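S.K.: So here's work15.cif, just mmCIF, C-alpha atoms:
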data_start
#
loop_
_atom_site.label_atom_id
_atom_site.label_comp_id
_atom_site.auth_asym_id
_atom_site.auth_seq_id
_atom_site.Cartn_x
_atom_site.Cartn_y
_atom_site.Cartn_z
CA MET A 9 31.73 50.50 -8.90
CA ARG A 10 29.59 51.41 -11.90
CA PRO A 11 28.61 48.68 -14.43
CA ALA A 12 30.81 50.14 -17.17
CA LYS A 13 33.87 50.01 -14.91
CA ASN A 14 32.94 46.51 -13.76
CA PHE A 15 32.76 45.45 -17.38
CA LEU A 16 36.12 46.94 -18.29
CA LEU A 17 37.76 45.27 -15.31
CA ALA A 18 36.23 41.94 -16.31
CA CYS A 19 37.58 42.38 -19.83
CA LEU A 20 41.10 42.85 -18.50
CA ILE A 21 41.08 39.44 -16.82
CA ALA A 22 39.16 37.61 -19.57
CA THR A 23 40.74 35.79 -22.48
CA PRO A 24 41.43 38.59 -24.99
CA LEU A 25 39.27 38.76 -28.09
CA LEU A 26 41.02 39.04 -31.43
CA ALA A 27 40.06 41.96 -33.65
CA ALA A 28 41.28 39.99 -36.67
CA ASP A 29 38.56 37.41 -36.00
CA LEU A 30 35.59 39.61 -35.12
CA ALA A 31 36.49 42.78 -37.06
CA PRO A 32 38.62 41.68 -40.04
CA THR A 33 38.26 45.04 -41.82
CA GLY A 34 39.55 46.94 -38.79
CA THR A 35 36.05 48.25 -37.97
CA LEU A 36 33.47 46.25 -36.03
CA ARG A 37 30.34 46.24 -38.20
CA VAL A 38 27.16 45.31 -36.33
CA ALA A 39 23.64 44.92 -37.80
CA PHE A 40 20.37 45.16 -35.87
CA LEU A 41 16.62 45.32 -36.52
CA ARG A 42 15.86 49.00 -36.97
CA THR A 43 12.16 48.62 -36.06
CA ASN A 44 12.74 46.59 -32.90
CA PRO A 45 12.91 48.82 -29.80
CA VAL A 46 14.28 46.05 -27.61
CA GLN A 47 17.48 46.15 -29.68
CA GLY A 48 17.78 49.87 -30.38
CA ARG A 49 16.04 53.07 -31.35
CA ILE A 50 16.93 55.54 -34.08
CA ASP A 51 16.36 59.23 -33.37
CA ALA A 52 14.23 60.53 -36.25
CA LYS A 53 15.95 63.94 -36.20
CA THR A 54 19.60 63.10 -35.56
CA GLY A 55 19.85 59.49 -36.69
CA ALA A 56 21.55 58.62 -33.39
CA ILE A 57 21.12 54.98 -32.34
CA THR A 58 20.63 54.18 -28.66
CA GLY A 59 19.78 51.10 -26.62
CA PRO A 60 21.41 47.70 -26.02
CA VAL A 61 22.79 47.49 -29.57
CA THR A 62 24.84 50.64 -29.01
CA ASP A 63 25.92 49.84 -25.46
CA LEU A 64 27.03 46.30 -26.26
CA THR A 65 28.67 47.27 -29.56
CA GLN A 66 30.62 50.06 -27.89
CA ALA A 67 31.83 47.69 -25.17
CA LEU A 68 32.83 44.98 -27.67
CA ALA A 69 34.62 47.47 -29.92
CA GLN A 70 36.46 48.90 -26.92
CA GLN A 71 37.59 45.44 -25.91
CA LEU A 72 38.79 44.81 -29.47
CA ASN A 73 40.34 48.29 -29.60
CA VAL A 74 38.69 49.09 -32.96
CA PRO A 75 36.10 51.64 -34.18
CA TYR A 76 32.57 50.42 -34.88
CA ASN A 77 29.69 50.97 -37.28
CA ILE A 78 26.07 50.06 -36.46
CA ILE A 79 23.95 49.08 -39.48
CA PRO A 80 20.13 49.31 -39.25
CA ALA A 81 18.48 46.40 -41.09
CA ALA A 82 14.88 45.99 -42.20
CA ASP A 83 14.42 42.41 -40.97
CA ALA A 84 16.16 39.21 -39.93
CA ARG A 85 16.67 38.16 -43.54
CA GLU A 86 18.66 41.32 -44.23
CA ILE A 87 20.84 40.79 -41.16
CA ILE A 88 21.65 37.24 -42.26
CA ALA A 89 22.32 38.43 -45.82
CA LEU A 90 24.70 41.14 -44.56
CA LEU A 91 26.62 38.55 -42.54
CA LYS A 92 26.84 36.06 -45.42
CA ALA A 93 28.02 38.80 -47.81
CA HIS A 94 30.66 39.84 -45.25
CA ASN A 95 29.16 43.33 -45.09
CA ALA A 96 28.56 42.90 -41.34
CA ASP A 97 30.58 41.02 -38.73
CA VAL A 98 28.00 40.54 -35.97
CA GLY A 99 24.20 40.72 -35.87
CA PHE A 100 21.58 41.11 -33.15
CA LEU A 101 18.71 38.59 -33.41
CA ALA A 102 16.24 36.67 -31.31
CA TYR A 103 17.01 32.96 -31.33
CA ASP A 104 14.99 30.80 -33.69
CA GLY A 105 15.64 27.26 -34.83
CA GLU A 106 15.28 28.10 -38.53
CA ARG A 107 17.66 31.03 -38.26
CA ALA A 108 20.13 28.82 -36.38
CA GLN A 109 20.48 26.71 -39.52
CA GLU A 110 22.04 29.71 -41.27
CA VAL A 111 23.94 31.54 -38.52
CA ASP A 112 25.47 30.72 -35.14
CA PHE A 113 23.87 32.26 -32.03
CA SER A 114 25.76 33.35 -28.95
CA ASP A 115 24.45 32.69 -25.47
CA PRO A 116 21.59 35.14 -24.74
CA TYR A 117 22.26 38.51 -23.16
CA ALA A 118 18.57 39.25 -22.49
CA LEU A 119 15.13 37.65 -22.66
CA MET A 120 12.36 39.26 -24.72
CA LEU A 121 8.81 38.70 -23.44
CA ASN A 122 6.12 38.12 -26.09
CA THR A 123 2.39 38.64 -25.58
CA TYR A 124 -0.80 39.96 -27.19
CA VAL A 125 -2.54 43.31 -27.36
CA VAL A 126 -6.34 43.29 -27.51
CA ARG A 127 -9.23 45.72 -27.26
CA ALA A 128 -9.81 46.93 -23.70
CA ASP A 129 -13.24 45.28 -23.74
CA SER A 130 -11.99 41.99 -25.24
CA PRO A 131 -13.04 38.78 -23.46
CA LEU A 132 -9.47 37.49 -23.81
CA LYS A 133 -7.83 37.50 -20.37
CA LYS A 134 -4.67 35.43 -20.88
CA SER A 135 -2.50 34.29 -23.76
CA ALA A 136 -4.02 30.79 -23.94
CA ASP A 137 -7.42 32.38 -24.64
CA ALA A 138 -6.17 33.49 -28.06
CA ASP A 139 -6.20 29.94 -29.41
CA ARG A 140 -9.91 29.50 -30.07
CA ALA A 141 -11.86 28.74 -33.21
CA GLY A 142 -13.13 31.85 -34.95
CA LEU A 143 -10.44 34.20 -33.58
CA ARG A 144 -8.07 36.08 -35.87
CA ILE A 145 -4.58 36.75 -34.55
CA GLY A 146 -2.19 39.14 -36.26
CA VAL A 147 1.61 39.01 -36.33
CA ALA A 148 4.34 40.59 -38.42
CA GLY A 149 5.99 38.31 -40.94
CA GLY A 150 9.64 37.35 -40.52
CA VAL A 151 9.84 38.09 -36.79
CA SER A 152 10.49 35.48 -34.10
CA GLN A 153 6.91 35.77 -32.81
CA ALA A 154 5.58 34.65 -36.20
CA PHE A 155 7.58 31.42 -36.05
CA VAL A 156 6.34 30.75 -32.51
CA LEU A 157 2.68 31.45 -33.23
CA LYS A 158 2.67 29.27 -36.35
CA GLU A 159 3.50 26.36 -34.07
CA LEU A 160 1.53 27.48 -31.03
CA LEU A 161 -1.88 28.32 -32.48
CA LYS A 162 -3.94 25.28 -33.43
CA LYS A 163 -7.52 26.63 -33.57
CA SER A 164 -7.42 30.38 -34.28
CA GLU A 165 -6.54 31.91 -37.65
CA LEU A 166 -3.07 33.46 -37.86
CA LYS A 167 -2.81 36.46 -40.17
CA VAL A 168 0.82 37.18 -41.09
CA MET A 169 1.36 40.70 -42.44
CA PRO A 170 4.00 43.34 -43.04
CA ALA A 171 4.88 44.93 -39.68
CA PRO A 172 2.08 47.46 -39.05
CA PRO A 173 2.60 50.82 -37.29
CA PRO A 174 0.81 51.40 -33.96
CA GLU A 175 -2.10 53.23 -35.54
CA GLU A 176 -2.77 50.32 -37.89
CA ILE A 177 -2.65 47.80 -35.02
CA SER A 178 -5.22 49.90 -33.15
CA LYS A 179 -7.42 50.24 -36.23
CA MET A 180 -7.46 46.49 -36.97
CA LEU A 181 -8.35 45.64 -33.36
CA MET A 182 -10.98 48.32 -32.96
CA ASN A 183 -12.80 47.51 -36.23
CA GLY A 184 -12.78 43.77 -35.50
CA GLU A 185 -10.40 42.79 -38.29
CA LEU A 186 -8.21 41.21 -35.60
CA ASP A 187 -9.02 39.83 -32.17
CA ALA A 188 -5.43 40.07 -30.94
CA TYR A 189 -2.00 41.06 -32.22
CA GLY A 190 1.15 39.27 -31.06
CA ALA A 191 4.51 40.98 -30.62
CA ASN A 192 7.16 41.67 -28.02
CA ARG A 193 5.71 43.08 -24.81
CA GLN A 194 7.80 46.23 -24.92
CA ARG A 195 6.42 47.24 -28.31
CA LEU A 196 2.83 46.54 -27.24
CA VAL A 197 3.14 48.49 -23.98
CA GLU A 198 4.20 51.46 -26.10
CA VAL A 199 1.24 50.94 -28.45
CA VAL A 200 -1.21 50.98 -25.53
CA ALA A 201 0.39 54.16 -24.21
CA GLN A 202 -0.77 55.81 -27.45
CA TYR A 203 -4.10 54.00 -27.74
CA PRO A 204 -5.68 53.53 -24.28
CA LYS A 205 -8.71 51.70 -25.72
CA LEU A 206 -6.35 48.73 -26.04
CA ARG A 207 -4.71 46.61 -23.34
CA VAL A 208 -1.83 44.17 -23.11
CA LEU A 209 -2.48 40.69 -21.72
CA PRO A 210 -0.74 40.08 -18.37
CA ASP A 211 1.12 36.89 -19.30
CA ASN A 212 3.40 35.87 -22.18
CA PHE A 213 2.91 33.31 -24.93
CA SER A 214 6.69 32.90 -25.28
CA VAL A 215 10.05 34.22 -24.16
CA ALA A 216 12.69 34.82 -26.85
CA GLU A 217 16.44 34.90 -26.28
CA GLN A 218 18.17 38.01 -27.62
CA SER A 219 21.64 37.04 -28.81
CA LEU A 220 24.50 37.98 -31.09
CA VAL A 221 24.95 36.05 -34.34
CA VAL A 222 27.86 35.31 -36.68
CA THR A 223 28.27 33.23 -39.82
CA LYS A 224 28.94 29.49 -39.57
CA GLU A 225 32.58 29.73 -40.57
CA ASP A 226 34.68 29.77 -37.41
CA SER A 227 33.52 28.52 -34.02
CA SER A 228 36.29 30.49 -32.31
CA ARG A 229 34.38 33.68 -33.02
CA LEU A 230 31.32 32.26 -31.27
CA ASP A 231 33.44 31.28 -28.27
CA ALA A 232 34.79 34.82 -28.10
CA LEU A 233 31.29 36.30 -28.23
CA ASN A 234 30.11 33.98 -25.45
CA GLN A 235 32.97 35.19 -23.25
CA PHE A 236 31.96 38.76 -24.00
CA ILE A 237 28.27 38.13 -23.27
CA GLU A 238 29.04 36.43 -19.96
CA LYS A 239 31.07 39.44 -18.79
CA ALA A 240 28.43 41.88 -20.06
CA ARG A 241 25.77 40.08 -18.02
CA THR A 242 27.72 39.54 -14.81
CA SER A 243 29.23 43.04 -14.74
CA GLY A 244 25.78 44.68 -14.81
CA LEU A 245 26.30 46.19 -18.26
CA VAL A 246 23.23 44.51 -19.76
CA LYS A 247 21.04 45.42 -16.78
CA SER A 248 22.05 49.08 -16.85
CA SER A 249 21.57 49.20 -20.62
CA LEU A 250 18.00 47.87 -20.37
CA GLU A 251 17.23 50.35 -17.60
CA ARG A 252 18.60 53.34 -19.52
CA ALA A 253 16.61 52.32 -22.59
CA LYS A 254 13.46 51.96 -20.44
CA LEU A 255 12.95 48.38 -21.56
CA SER A 256 12.03 46.91 -18.18
CA ALA A 257 8.42 46.30 -19.29
CA GLY A 258 9.40 43.76 -21.89
CA MET A 259 12.95 42.59 -21.24
CA GLU A 260 14.90 40.70 -18.58
CA VAL A 261 18.61 40.02 -18.22
CA ALA A 262 19.38 36.44 -19.26
CA SER A 263 20.70 34.19 -16.52
CA GLY A 264 23.19 32.32 -18.69
CA LYS A 265 23.52 29.59 -21.31
CA THR A 266 20.17 27.93 -22.06
CA ARG A 267 20.73 26.00 -25.31
#
How does this structure look as structure tokens?

M.R.:
Amino acid sequence: MRPAKNFLLACLIATPLLAADLAPTGTLRVAFLRTNPVQGRIDAKTGAITGPVTDLTQALAQQLNVPYNIIPAADAREIIALLKAHNADVGFLAYDGERAQEVDFSDPYALMLNTYVVRADSPLKKSADADRAGLRIGVAGGVSQAFVLKELLKKSELKVMPAPPPEEISKMLMNGELDAYGANRQRLVEVVAQYPKLRVLPDNFSVAEQSLVVTKEDSSRLDALNQFIEKARTSGLVKSSLERAKLSAGMEVASGKTR
């Protein structure tokens, strides 16, 4: 049986979700980070959105028996703002303790691996090597990796910046402005595919849980999302979604509740 059919069968025997709770306007409105490939990609020509955000949103909307609308957001702050303004019902975010003070996180559906990209001739061999005096480490502001590295790095200098495009990452590493740049592994593997004078370190400095988020107004909505996530994982829906999106380099299916 294919994952999609497995998922639908699981939904039939699960406690039904209430559209009035998760989609009060009659349309399920879901926000995601438009620049994060582990959540979804936007086709530059057609505007079509593909990846886990689409697969999971479609499945949730089908279970609720409502239409859906996927909203690309610039960053985590915008997703949280959309939820608080009731302009979105559900968001996709990596878990972070600071964010959890403002929104409720579901159990994770996938794990995002975080590492560094360096010059191919860099002496850095593993993630721990990046925490040395005199090294400059880059990271995009507002992303989960920035929160982690602010706590993790004790000796090197962390340079927080607006999210740079691949060509800018390559330029900063090649001209010595940065010694390493931290981000999710999937994104960095794609950078190296374009710029072979760079390489991705083989290990990870952290693993981030990718989850769904809702406002802190009704715990029943979080319970409903956790039921949905459990069925999406165990039915094979998440696994097949990651495979179709070619995210195997930087993502793993979550094993269950971890917090």

S.K.: Determine the residue set returned by the PyMOL selection byres ((chain A and resi 47-49) around 12) for the present structure, and present it as a ChimeraX atom specification.

M.R.: /A:38-46,50-65,78-81,99-102,117-120,192,194-195,217-220,246,249-250,252-255,258-259

S.K.: Closest to Asn212 of chain A among A:Thr33, A:Ser228, A:Thr242, A:Thr123, using all atoms listed in the file?

M.R.: A:Thr123

S.K.: Pick the closest to Ala240 of chain A from A:Val261, A:Ile88, A:Val222, A:Leu143: which is it, counting only C-alpha atoms?

M.R.: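 For Ala240 of chain A, the nearest of the candidates is A:Val261.
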
S.K.: Might you spell out which residues the PyMOL selection byres ((chain A and resi 142) around 8) would select in the displayed file, as number ranges by chain?

M.R.: A: 140-141, 143-144, 163-165

S.K.: Can you translate the PyMOL selection byres ((chain A and resi 134) around 12) into the concrete residues it hits in this file, as a ChimeraX atom specification?

M.R.: /A:123-126,130-133,135-139,188,207-213

S.K.: Which distance in Å separates atom CA of Arg229 of chain A and atom CA of Asp29 of chain A, to one decimal?

M.R.: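 Result for atom CA of Arg229 of chain A versus atom CA of Asp29 of chain A: 6.3 Å, one decimal.
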
S.K.: Would you pick out the contacts of Ala148 of chain A at 7 Å or less, using all atoms listed in the file, so that residues sharing its chain but fewer than 4 positions from it are not included, and give the list as a list in words?

M.R.: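 Once the adjacent positions are removed, what remains is Ala154, Val168, Met169, Pro170 and Ala171 of chain A.
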
S.K.: Between atom CA of Lys265 of chain A and atom CA of Asp231 of chain A, what is the distance in Å, rounded to a tenth?

M.R.: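 These atoms are spaced 12.2 Å apart.
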
S.K.: Atom CA of Ser243 of chain A to atom CA of Leu230 of chain A: how many Å, to one decimal?

M.R.: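 Taking atom CA of Ser243 of chain A and atom CA of Leu230 of chain A, their separation equals 19.8 Å.
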